[in-house]
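Here is the file coords-v5.txt (compact mmCIF, C-alpha atoms).
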# COMPACT_ATOMS: atom_id res chain seq x y z
CA MET A 1 0.00 0.00 0.00
CA ASN A 2 1.53 3.34 -0.99
CA ASP A 3 1.76 6.40 1.22
CA HIS A 4 -1.25 8.05 -0.33
CA SER A 5 -3.50 5.08 0.28
CA SER A 6 -2.15 4.53 3.75
CA ALA A 7 -2.61 8.16 4.70
CA SER A 8 -6.13 8.25 3.28
CA ARG A 9 -7.05 5.15 5.19
CA LEU A 10 -5.57 6.44 8.41
CA LEU A 11 -7.41 9.74 8.27
CA ARG A 12 -10.71 8.20 7.23
CA ASP A 13 -10.54 5.58 9.92
CA ALA A 14 -9.63 8.19 12.48
CA THR A 15 -12.74 10.23 11.76
CA ARG A 16 -15.15 7.42 11.01
CA HIS A 17 -16.63 7.21 14.46
CA ASP A 18 -17.07 10.94 14.95
CA ASP A 19 -20.37 10.65 13.13
CA LEU A 20 -21.79 8.53 15.91
CA THR A 21 -21.43 11.14 18.60
CA ILE A 22 -22.21 14.34 16.77
CA ASP A 23 -25.50 16.13 17.16
CA VAL A 24 -25.68 17.33 13.58
CA ASP A 25 -28.96 19.15 14.12
CA ARG A 26 -27.44 21.25 16.85
CA VAL A 27 -24.41 22.12 14.76
CA VAL A 28 -26.51 23.03 11.74
CA HIS A 29 -28.92 25.19 13.67
CA GLY A 30 -26.03 26.88 15.40
CA GLY A 31 -24.55 27.60 11.98
CA ILE A 32 -27.84 29.00 10.71
CA SER A 33 -28.15 31.18 13.77
CA ARG A 34 -24.65 32.55 13.23
CA GLY A 35 -25.41 33.01 9.55
CA ARG A 36 -28.47 35.08 10.35
CA ALA A 37 -26.47 37.19 12.76
CA LEU A 38 -23.68 37.63 10.26
CA ARG A 39 -26.18 38.61 7.60
CA ARG A 40 -27.78 41.11 9.91
CA ARG A 41 -24.41 42.60 10.75
CA ARG A 42 -23.28 42.86 7.21
CA ARG A 43 -26.63 43.46 5.68
CA VAL A 44 -25.40 41.92 2.54
CA GLY A 45 -26.66 39.04 0.52
CA THR A 46 -23.78 38.89 -1.81
CA SER A 47 -20.82 36.83 -2.74
CA LEU A 48 -18.51 35.90 0.05
CA ALA A 49 -15.72 36.67 -2.30
CA ALA A 50 -16.86 40.19 -2.87
CA ALA A 51 -19.02 40.80 0.10
CA THR A 52 -17.89 44.28 0.81
CA LEU A 53 -17.68 45.35 -2.77
CA VAL A 54 -21.25 44.60 -3.59
CA GLY A 55 -22.57 44.69 -0.08
CA ALA A 56 -24.75 47.61 -0.73
CA ILE A 57 -26.43 45.81 -3.58
CA GLY A 58 -27.35 42.88 -1.47
CA VAL A 59 -28.76 45.05 1.23
CA ALA A 60 -31.43 46.49 -0.90
CA ALA A 61 -32.25 43.18 -2.44
CA SER A 62 -32.12 40.90 0.50
CA VAL A 63 -32.96 42.74 3.63
CA GLY A 64 -36.49 42.58 4.80
CA PRO A 65 -38.43 45.80 4.78
CA GLY A 66 -38.52 45.98 8.52
CA LEU A 67 -34.75 45.99 8.68
CA VAL A 68 -34.02 48.84 6.39
CA GLY A 69 -34.78 52.19 7.83
CA GLU A 70 -38.33 52.85 8.71
CA ARG A 71 -40.39 52.01 5.77
CA GLY A 72 -42.94 54.66 5.12
CA THR A 73 -41.24 57.16 7.34
CA ALA A 74 -42.20 60.58 6.20
CA VAL A 75 -39.34 62.61 4.89
CA VAL A 76 -39.36 66.13 3.73
CA PRO A 77 -39.39 66.10 -0.02
CA GLY A 78 -36.55 68.04 -1.44
CA PRO A 79 -36.60 70.43 -4.33
CA GLY A 80 -36.94 68.89 -7.72
CA PHE A 81 -33.67 67.82 -9.21
CA ALA A 82 -32.78 68.50 -12.77
CA THR A 83 -31.74 65.19 -14.26
CA ASP A 84 -29.51 66.83 -16.81
CA GLY A 85 -26.66 66.62 -14.37
CA SER A 86 -26.49 70.33 -13.90
CA ALA A 87 -26.43 70.10 -10.15
CA SER A 88 -23.05 70.46 -8.59
CA PRO A 89 -21.26 67.14 -8.20
CA THR A 90 -18.81 68.66 -5.80
CA PRO A 91 -18.95 66.94 -2.45
CA SER A 92 -19.38 69.03 0.61
CA PRO A 93 -18.09 67.83 3.91
CA SER A 94 -20.78 66.51 6.14
CA PRO A 95 -20.20 65.80 9.78
CA THR A 96 -20.43 62.20 10.77
CA PRO A 97 -23.95 61.90 12.08
CA THR A 98 -24.94 60.05 15.15
CA PRO A 99 -25.77 56.52 14.07
CA GLY A 100 -29.31 56.51 12.89
CA GLN A 101 -29.46 60.24 12.53
CA VAL A 102 -30.68 61.18 9.10
CA ASP A 103 -30.25 64.87 8.45
CA ALA A 104 -31.18 65.15 4.80
CA ALA A 105 -33.79 63.83 2.41
CA LEU A 106 -33.19 61.92 -0.79
CA THR A 107 -34.01 63.90 -3.86
CA VAL A 108 -33.46 61.73 -6.89
CA ALA A 109 -35.97 59.04 -7.75
CA ALA A 110 -34.43 55.64 -8.43
CA ALA A 111 -35.54 55.71 -12.04
CA ASP A 112 -33.78 59.04 -12.53
CA VAL A 113 -30.45 57.90 -11.11
CA PRO A 114 -29.01 56.68 -14.45
CA ALA A 115 -29.63 60.04 -16.08
CA VAL A 116 -27.99 61.82 -13.17
CA VAL A 117 -24.99 59.52 -13.34
CA GLY A 118 -24.75 60.08 -17.07
CA GLY A 119 -24.88 63.79 -16.48
CA LEU A 120 -22.20 63.68 -13.81
CA LEU A 121 -19.78 61.38 -15.57
CA GLY A 122 -20.56 61.85 -19.22
CA GLY A 123 -20.81 58.19 -20.20
CA GLU A 124 -23.54 56.52 -22.19
CA VAL A 125 -26.38 55.41 -19.97
CA GLY A 126 -28.54 52.53 -21.08
CA GLU A 127 -31.46 50.55 -19.83
CA VAL A 128 -32.50 50.20 -16.21
CA ARG A 129 -32.40 46.55 -15.19
CA THR A 130 -35.62 45.65 -13.46
CA GLU A 131 -35.80 41.95 -14.13
CA ALA A 132 -35.02 39.42 -11.39
CA PRO A 133 -32.77 39.35 -9.56
CA PHE A 134 -32.14 43.06 -9.99
CA GLY A 135 -35.24 45.13 -9.43
CA LEU A 136 -35.74 48.78 -8.70
CA VAL A 137 -36.25 50.09 -5.18
CA ASP A 138 -37.64 53.56 -4.69
CA GLU A 139 -38.64 54.13 -1.09
CA PRO A 140 -38.47 57.30 0.98
CA GLN A 141 -35.12 56.40 2.50
CA ARG A 142 -33.85 53.80 0.11
CA ARG A 143 -32.86 53.66 -3.53
CA THR A 144 -31.54 50.78 -5.56
CA VAL A 145 -31.08 50.83 -9.27
CA HIS A 146 -29.10 48.73 -11.72
CA PHE A 147 -28.43 50.04 -15.18
CA THR A 148 -25.96 49.91 -17.98
CA TYR A 149 -23.23 52.49 -18.30
CA ASP A 150 -21.03 52.32 -21.36
CA GLY A 151 -22.48 48.87 -21.94
CA THR A 152 -21.64 47.47 -18.53
CA LEU A 153 -23.63 46.81 -15.41
CA THR A 154 -23.66 49.56 -12.81
CA THR A 155 -25.34 49.45 -9.43
CA PHE A 156 -26.27 52.43 -7.33
CA VAL A 157 -27.71 52.16 -3.84
CA ILE A 158 -28.61 54.58 -1.07
CA GLU A 159 -29.72 53.22 2.27
CA ARG A 160 -29.82 54.28 5.86
CA ALA A 161 -26.48 53.88 7.59
CA ASP A 162 -28.04 52.58 10.77
CA THR A 163 -29.20 49.47 8.92
CA LEU A 164 -25.65 48.59 7.90
CA ALA A 165 -22.47 47.49 9.53
CA SER A 166 -19.88 50.19 10.03
CA CYS A 167 -17.19 50.63 7.44
CA ALA A 168 -14.65 49.04 9.77
CA ALA A 169 -16.86 46.02 10.32
CA GLN A 170 -17.47 45.60 6.62
CA VAL A 171 -13.78 45.44 5.81
CA ASP A 172 -12.82 43.40 8.88
CA PRO A 173 -10.90 40.35 7.67
CA ALA A 174 -12.78 38.29 10.24
CA ASN A 175 -15.93 38.82 8.20
CA GLN A 176 -14.37 37.78 4.92
CA PRO A 177 -14.24 34.21 3.67
CA ASP A 178 -10.60 34.44 2.71
CA GLY A 179 -9.48 36.31 5.80
CA ARG A 180 -8.30 39.28 3.80
CA PRO A 181 -9.54 42.83 4.33
CA GLY A 182 -12.77 43.48 2.48
CA GLY A 183 -11.68 46.88 1.23
CA GLU A 184 -10.26 50.02 2.75
CA CYS A 185 -11.89 52.66 4.91
CA VAL A 186 -10.64 56.20 4.46
CA VAL A 187 -11.89 59.61 5.48
CA ARG A 188 -11.65 62.38 2.92
CA ASP A 189 -13.01 65.85 3.45
CA GLY A 190 -14.82 64.60 6.51
CA VAL A 191 -16.59 61.84 4.60
CA GLU A 192 -15.96 58.21 5.46
CA LEU A 193 -15.44 56.11 2.37
CA LEU A 194 -15.25 52.38 1.83
CA LEU A 195 -13.04 51.72 -1.18
CA SER A 196 -13.44 48.32 -2.77
CA PRO A 197 -10.74 47.96 -5.41
CA PRO A 198 -11.24 45.79 -8.49
CA GLU A 199 -12.01 42.22 -7.62
CA GLU A 200 -12.87 39.37 -9.91
CA ALA A 201 -15.57 36.90 -9.01
CA ASP A 202 -17.40 34.47 -11.26
CA GLY A 203 -15.58 35.85 -14.27
CA VAL A 204 -16.62 39.44 -13.75
CA THR A 205 -14.51 42.21 -12.26
CA ALA A 206 -16.18 44.89 -10.19
CA GLN A 207 -15.09 47.84 -8.11
CA GLY A 208 -17.05 50.11 -5.87
CA VAL A 209 -17.09 52.96 -3.40
CA SER A 210 -19.46 53.68 -0.54
CA ALA A 211 -19.78 56.99 1.29
CA TRP A 212 -21.33 57.60 4.71
CA ARG A 213 -23.23 60.86 4.38
CA HIS A 214 -26.20 62.45 6.13
CA GLY A 215 -27.05 59.23 7.95
CA TYR A 216 -27.08 57.26 4.69
CA VAL A 217 -24.62 55.10 2.84
CA VAL A 218 -24.36 55.91 -0.85
CA SER A 219 -22.77 53.12 -2.87
CA ALA A 220 -21.87 52.69 -6.51
CA VAL A 221 -20.41 49.62 -8.16
CA SER A 222 -19.08 49.39 -11.70
CA TYR A 223 -18.60 46.06 -13.50
CA ASP A 224 -16.62 45.18 -16.59
CA ALA A 225 -19.47 43.11 -18.02
CA ALA A 226 -23.11 43.48 -18.85
CA ASP A 227 -24.09 41.19 -16.01
CA GLY A 228 -22.87 40.39 -12.54
CA LYS A 229 -21.52 36.89 -13.13
CA ASP A 230 -20.64 34.28 -15.69
CA VAL A 231 -20.57 36.56 -18.71
CA ALA A 232 -17.69 37.76 -20.82
CA PRO A 233 -16.27 41.18 -19.95
CA VAL A 234 -16.98 43.85 -22.51
CA THR A 235 -14.28 46.23 -21.33
CA ASP A 236 -10.75 45.80 -20.02
CA ALA A 237 -11.80 47.24 -16.68
CA PRO A 238 -14.94 48.60 -15.08
CA PRO A 239 -15.59 51.81 -17.04
CA ILE A 240 -16.29 53.98 -14.00
CA SER A 241 -12.98 54.56 -12.28
CA MET A 242 -12.56 54.55 -8.52
CA ALA A 243 -12.12 58.33 -8.60
CA GLU A 244 -15.34 58.70 -10.58
CA LEU A 245 -17.18 56.36 -8.26
CA GLU A 246 -15.98 58.42 -5.34
CA GLU A 247 -17.14 61.59 -7.05
CA LEU A 248 -20.48 59.94 -7.67
CA VAL A 249 -21.17 58.75 -4.14
CA THR A 250 -19.98 61.96 -2.51
CA SER A 251 -22.00 64.22 -4.77
CA ASP A 252 -24.53 66.50 -3.15
CA VAL A 253 -27.04 65.86 -5.88
CA TRP A 254 -28.58 62.97 -3.97
CA PHE A 255 -29.60 65.04 -0.96
CA THR A 256 -31.56 68.07 -0.10
CA GLY A 257 -30.57 70.12 2.89
CA SER A 258 -26.90 69.42 2.31
CA MET B 1 -39.18 29.14 6.89
CA SER B 2 -38.38 30.41 3.41
CA THR B 3 -37.71 27.96 0.61
CA ARG B 4 -34.16 29.14 0.36
CA THR B 5 -33.54 28.64 4.06
CA GLN B 6 -35.15 25.22 3.91
CA GLU B 7 -32.90 24.26 1.03
CA PHE B 8 -29.90 25.51 2.93
CA GLU B 9 -30.85 23.51 6.00
CA GLU B 10 -31.22 20.35 3.93
CA PHE B 11 -27.84 20.95 2.36
CA ALA B 12 -26.23 21.69 5.71
CA LEU B 13 -27.70 18.60 7.35
CA ALA B 14 -26.36 16.46 4.52
CA ARG B 15 -22.88 17.96 4.44
CA THR B 16 -22.20 18.70 8.09
CA PRO B 17 -20.90 15.22 8.97
CA ALA B 18 -18.26 15.48 6.23
CA LEU B 19 -17.42 19.03 7.22
CA LEU B 20 -17.05 17.95 10.82
CA ARG B 21 -14.72 15.12 9.89
CA SER B 22 -12.42 17.54 8.12
CA ALA B 23 -12.79 20.13 10.86
CA ARG B 24 -11.99 17.54 13.52
CA LEU B 25 -8.67 16.75 11.93
CA LEU B 26 -7.91 20.35 11.14
CA SER B 27 -8.62 21.67 14.60
CA GLY B 28 -7.65 18.60 16.61
CA ASP B 29 -10.53 19.11 19.00
CA ALA B 30 -14.19 18.17 18.78
CA HIS B 31 -15.47 21.41 20.25
CA LEU B 32 -13.24 23.55 18.08
CA ALA B 33 -14.37 21.51 15.11
CA GLU B 34 -18.02 22.26 15.81
CA ASP B 35 -17.19 25.93 16.20
CA LEU B 36 -15.30 25.91 12.92
CA VAL B 37 -18.15 24.18 11.10
CA GLN B 38 -20.71 26.60 12.50
CA ASP B 39 -18.59 29.54 11.33
CA THR B 40 -18.36 27.89 7.93
CA LEU B 41 -22.08 27.23 7.72
CA ALA B 42 -22.73 30.85 8.68
CA LYS B 43 -20.65 32.09 5.76
CA VAL B 44 -22.26 29.66 3.35
CA TYR B 45 -25.67 30.74 4.68
CA VAL B 46 -24.92 34.34 3.82
CA ARG B 47 -23.76 33.43 0.32
CA TRP B 48 -26.71 31.05 -0.09
CA HIS B 49 -29.11 33.94 0.50
CA ALA B 50 -27.34 36.30 -1.88
CA THR B 51 -30.25 37.45 -3.95
CA LEU B 52 -28.26 39.09 -6.67
CA ARG B 53 -25.62 36.45 -7.10
CA GLY B 54 -27.70 33.48 -8.11
CA PRO B 55 -27.21 30.00 -6.71
CA ILE B 56 -23.78 28.71 -5.77
CA ASP B 57 -22.43 26.68 -8.67
CA ASN B 58 -20.97 23.91 -6.52
CA PRO B 59 -22.20 24.22 -2.94
CA VAL B 60 -20.22 21.24 -1.67
CA ALA B 61 -16.91 22.57 -2.95
CA TYR B 62 -17.87 26.04 -1.80
CA ALA B 63 -18.59 24.87 1.74
CA HIS B 64 -15.38 22.89 2.00
CA THR B 65 -13.35 25.76 0.62
CA ALA B 66 -14.94 28.07 3.16
CA LEU B 67 -14.08 25.57 5.89
CA THR B 68 -10.44 25.38 4.87
CA ARG B 69 -10.02 29.11 4.54
CA THR B 70 -11.86 29.86 7.75
CA PHE B 71 -9.58 27.43 9.55
CA LEU B 72 -6.44 28.95 8.08
CA SER B 73 -7.67 32.46 8.74
CA ASN B 74 -8.53 31.66 12.34
CA ARG B 75 -5.17 30.01 12.86
CA ARG B 76 -3.34 33.02 11.52
CA ARG B 77 -5.09 35.14 14.10
CA ARG B 78 -4.34 32.68 16.87
CA SER B 79 -0.83 31.86 15.75
CA SER B 80 0.69 33.05 19.00
CA THR B 81 -1.06 30.31 20.93
CA GLU B 82 0.39 27.29 19.21
CA ARG B 83 3.67 26.19 17.75
CA PRO B 84 4.51 23.23 15.55
CA TYR B 85 6.66 20.65 17.28
CA ALA B 86 10.22 20.17 16.20
CA ASP B 87 9.68 16.42 16.48
CA LEU B 88 6.85 14.09 17.19
CA PRO B 89 6.51 13.21 20.85
CA ASP B 90 7.64 9.75 21.75
CA ARG B 91 4.57 7.58 21.91
CA PRO B 92 4.03 3.90 21.39
CA VAL B 93 1.88 4.51 18.34
CA ALA B 94 2.36 1.31 16.43
CA ASP B 95 1.54 -1.29 18.99
CA ALA B 96 -1.96 -1.72 17.59
CA THR B 97 -3.52 -1.78 21.01
CA GLY B 98 -6.56 0.14 19.87
CA ALA B 99 -8.09 2.92 17.97
CA ALA B 100 -8.08 5.36 20.85
CA GLU B 101 -4.35 5.32 21.25
CA THR B 102 -3.69 5.65 17.57
CA ARG B 103 -6.23 8.39 17.36
CA MET B 104 -4.48 10.25 20.15
CA ALA B 105 -1.17 9.77 18.41
CA LEU B 106 -2.65 11.09 15.19
CA ASP B 107 -4.04 14.12 17.01
CA GLU B 108 -0.63 14.80 18.46
CA ALA B 109 1.05 14.38 15.12
CA LEU B 110 -1.40 16.75 13.48
CA ALA B 111 -1.07 19.24 16.31
CA GLY B 112 2.65 19.27 15.67
CA LEU B 113 2.13 20.38 12.10
CA ALA B 114 1.74 23.92 10.89
CA PRO B 115 -1.92 24.68 10.13
CA ALA B 116 -1.30 24.81 6.39
CA ASP B 117 0.45 21.42 6.48
CA ARG B 118 -2.49 20.03 8.39
CA ALA B 119 -4.86 21.44 5.83
CA VAL B 120 -2.90 19.83 3.03
CA LEU B 121 -3.09 16.47 4.74
CA VAL B 122 -6.83 16.73 5.23
CA LEU B 123 -7.54 17.94 1.72
CA ARG B 124 -5.24 15.50 -0.03
CA TYR B 125 -5.84 12.40 2.02
CA LEU B 126 -9.21 12.74 3.71
CA GLU B 127 -11.07 14.62 1.01
CA ASP B 128 -8.96 13.00 -1.70
CA LEU B 129 -8.37 16.17 -3.70
CA SER B 130 -5.69 16.46 -6.33
CA VAL B 131 -2.68 18.69 -5.79
CA GLU B 132 -4.24 21.31 -8.05
CA GLU B 133 -7.60 21.17 -6.31
CA THR B 134 -5.92 21.44 -2.95
CA ALA B 135 -3.91 24.43 -4.13
CA ALA B 136 -7.04 26.15 -5.39
CA ARG B 137 -8.93 25.53 -2.19
CA MET B 138 -6.10 26.88 -0.05
CA GLY B 139 -5.19 29.71 -2.36
CA VAL B 140 -1.57 28.60 -2.70
CA SER B 141 0.57 27.21 -5.51
CA SER B 142 0.69 23.55 -6.50
CA GLY B 143 4.36 23.50 -5.62
CA ALA B 144 3.60 24.66 -2.12
CA VAL B 145 1.03 21.90 -1.77
CA ARG B 146 3.55 19.26 -2.91
CA ASN B 147 6.16 20.50 -0.47
CA ARG B 148 3.74 20.64 2.42
CA SER B 149 2.32 17.28 1.51
CA MET B 150 5.71 15.61 1.60
CA ARG B 151 6.57 17.27 4.88
CA ALA B 152 3.27 16.36 6.47
CA LEU B 153 3.44 12.78 5.29
CA GLU B 154 6.85 12.41 6.88
CA ARG B 155 5.39 13.56 10.17
CA ILE B 156 2.66 10.95 10.22
CA ARG B 157 4.67 8.16 8.63
CA PRO B 158 5.09 6.31 11.94
CA LEU B 159 1.32 5.99 12.04
CA LEU B 160 0.72 4.80 8.52
CA ASP B 161 0.94 1.13 9.36
CA THR B 162 -1.61 1.46 12.11
CA SER B 163 -5.18 0.52 11.42
CA LEU B 164 -8.18 1.96 13.16
CA THR B 165 -10.68 -0.25 11.43
CA ILE B 166 -13.31 -1.74 13.67
CA THR B 167 -14.17 -5.36 13.35
CA PRO B 168 -17.94 -5.22 13.92
CA GLU B 169 -18.37 -8.64 15.47
CA ARG B 170 -15.79 -7.99 18.12
CA GLY B 171 -16.10 -4.26 18.41
CA THR B 172 -12.37 -4.03 18.50
CA THR B 173 -9.80 -2.41 16.36
CA ARG B 174 -7.70 -4.58 14.12
CA GLU B 175 -6.20 -4.63 10.68

Can you present the structure in this file as structure tokens?
Amino acid sequence: MNDHSSASRLLRDATRHDDLTIDVDRVVHGGISRGRALRRRRRVGTSLAAATLVGAIGVAASVGPGLVGERGTAVVPGPGFATDGSASPTPSPSPTPTPGQVDAALTVAAADVPAVVGGLLGGEVGEVRTEAPFGLVDEPQRRTVHFTYDGTLTTFVIERADTLASCAAQVDPANQPDGRPGGECVVRDGVELLLSPPEEADGVTAQGVSAWRHGYVVSAVSYDAADGKDVAPVTDAPPISMAELEELVTSDVWFTGS
Amino acid sequence: MSTRTQEFEEFALARTPALLRSARLLSGDAHLAEDLVQDTLAKVYVRWHATLRGPIDNPVAYAHTALTRTFLSNRRRRSSTERPYADLPDRPVADATGAAETRMALDEALAGLAPADRAVLVLRYLEDLSVEETAARMGVSSGAVRNRSMRALERIRPLLDTSLTITPERGTTRE
């Protein structure tokens, strides 16, 4: 018997009887309980490999309505926003609000986000993706929209910060499947940013930036393909650069009262 | 319970025994193994419920990869608490007096290995993965797997002639 066979036999024999004494139900339900807690903390329903990068996407899609903000909460409607991109994209510093403290209202309807992005960045904006599993969310304190930008998938999400893990928790290696940091948290001009550099998963490369502003987290993710997984890239890299994503998520156009 | 959660539970119930076997050898302790498997299941649970990502292509491989990487990640964080042995402790491991003693000797041998070496042993010889599959699961090169595999095999070589097989009629351990 060669070493490989001998070693295989030794290890299999050594673990064979573990099955007899294990309460599998208890282990599984403990795992599910931890999974629910982890999901609540991260508020993401996304790939373990790119959890932070696309975390904001999963939030809008996967979190129950009772978990995200206060559905139906009345907010003061802001002034109408011109979707030609004429509003200033220049970010203005906003003090870090007390967790849960929302100090501005959202101004741009989800369906209008692509036009605003096109106006801010100048690229070619295409169709809004509303089919499953994408969908459009347009609630008083939540926006989610997926659309094409220069022929590639782009995701834009705004959600209340108090429904999400902190930036530090989202990048914590302990919360990542591979034990590596899930991005980088930086503060620029008083705005906390989560930078998720390009990462490939399921054949598609994506990069994203989230900004904590006015009690919300504004996130944008750019992909190098027309879909989120298992499709051929159509560009060498996600067409919206990290700098442009940062400009996008820190723009004042999304808020009134800022 | 949602359909997706129900499907996850069915998957987890089916795969947990195999995950625990690997975790038991990786961690060297039954309680740590359960903790490791629960951490793994939690991560798979999150991915399983990823609305925008679609179903996991190969849930079994995904779960076992998550197990391996969670183990290695945890060990990196706890590296100050354990050290590989320079040599195996002297133990009468080959006297074939029973499974328990050999099992203890195996635990000691595995405990004396670096976590990555232990992972290679488990992936190559318990889960029967190829060198390339092992490398992919651990996120290292094939060459590194070969080197670690040779080193780890040398450490358990004194145990390779020992059988833990139970003879059902007698309830004892014999070749």

(request) Find the residue from B:Phe8, B:Phe71, B:Ala66, B:Thr3 that sits nearest to Ala23 of chain B; use only C-alpha atoms when measuring. (result)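 Of all the options, B:Phe71 lies closest to Ala23 of chain B.
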
Under the rule of at most 9 Å, produce a per-residue listing of segment 99-153 of chain B near segment 27-35 of chain B: chain, number, name, the closest pair of atoms, and the distance in Å, as CSV, using only C-alpha atoms.
residue,atom,partner,partner_atom,distance
B:Asp107,CA,B:Gly28,CA,5.8
B:Glu108,CA,B:Gly28,CA,8.2
B:Leu110,CA,B:Gly28,CA,7.2
B:Ala111,CA,B:Gly28,CA,6.6
B:Pro115,CA,B:Ser27,CA,8.6
B:Arg118,CA,B:Ser27,CA,8.9

(request) For Pro238 of chain A, please output as a PyMOL selection string all residues within 12 Å (counting all atoms listed in the file; exclusion window: fewer than 2 positions along the same chain). (result) chain A and resi 148-155+197-200+204-208+220-228+233-236+240-242+244-245

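The residues that lie within 8 Å of the point (-26.0, 57.5, 7.3), counting all atoms listed in the file, are Pro97, Pro99, Gly100, Gln101, Val102, Glu159, Arg160, Ala161, Asp162, Trp212, Arg213, His214, Gly215, Tyr216 and Val217 of chain A.
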
(request) Tell me which of B:Val131, B:Val122, B:Ala42, B:Ala100 sits closest to Ala12 of chain B, counting all atoms listed in the file. (result)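 When distances to Ala12 of chain B are compared using all atoms listed in the file, the smallest one comes from B:Ala42.
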
(request) May I ask which of the residues B:Leu41, B:Leu159, B:Arg21, B:Gly139 is the closest one to Arg180 of chain A, counting only C-alpha atoms? (result)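 Smallest separation from Arg180 of chain A among the options: B:Gly139.
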
(request) Rounded to one decimal place, report the atom CA of Glu9 of chain B-atom CA of Leu38 of chain A distance in Å. (result) 16.4 Å

(message) At a cut-off of 6 Å, using all atoms listed in the file, what residues contact segment 2-9 of chain A? Leave out same-chain residues fewer than 3 positions from it and give the result as a VMD selection string.
(response) (chain A and resid 12 to 13) or (chain B and resid 125 to 126 160)

File dump, residues just selected, C-alpha atoms, as a compact mmCIF listing (two decimals), in the coordinates of the input:
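What ended up in out23.txt:
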# COMPACT_ATOMS: atom_id res chain seq x y z
CA ARG A 12 -10.71 8.20 7.23
CA ASP A 13 -10.54 5.58 9.92
CA TYR B 125 -5.84 12.40 2.02
CA LEU B 126 -9.21 12.74 3.71
CA LEU B 160 0.72 4.80 8.52

(request) Quote the spacing between atom CA of Arg142 of chain A and atom CA of Ile158 of chain A in Å to one decimal place. (result)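 Computed distance, atom CA of Arg142 of chain A to atom CA of Ile158 of chain A, equals 5.4 Å.
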
(request) Would you mind telling me which residue in B:Val60, B:Ala135, B:Leu36, B:Val145 lies nearest to chain A when using all atoms listed in the file? (result)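 Nearest candidate to chain A out of B:Val60, B:Ala135, B:Leu36, B:Val145: B:Leu36.
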
(message) Using Å and a single decimal, report how far atom CA of Val231 of chain A sits from atom CA of Asp138 of chain A.
(response)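 For atom CA of Asp138 of chain A relative to atom CA of Val231 of chain A, the distance reads 27.9 Å.
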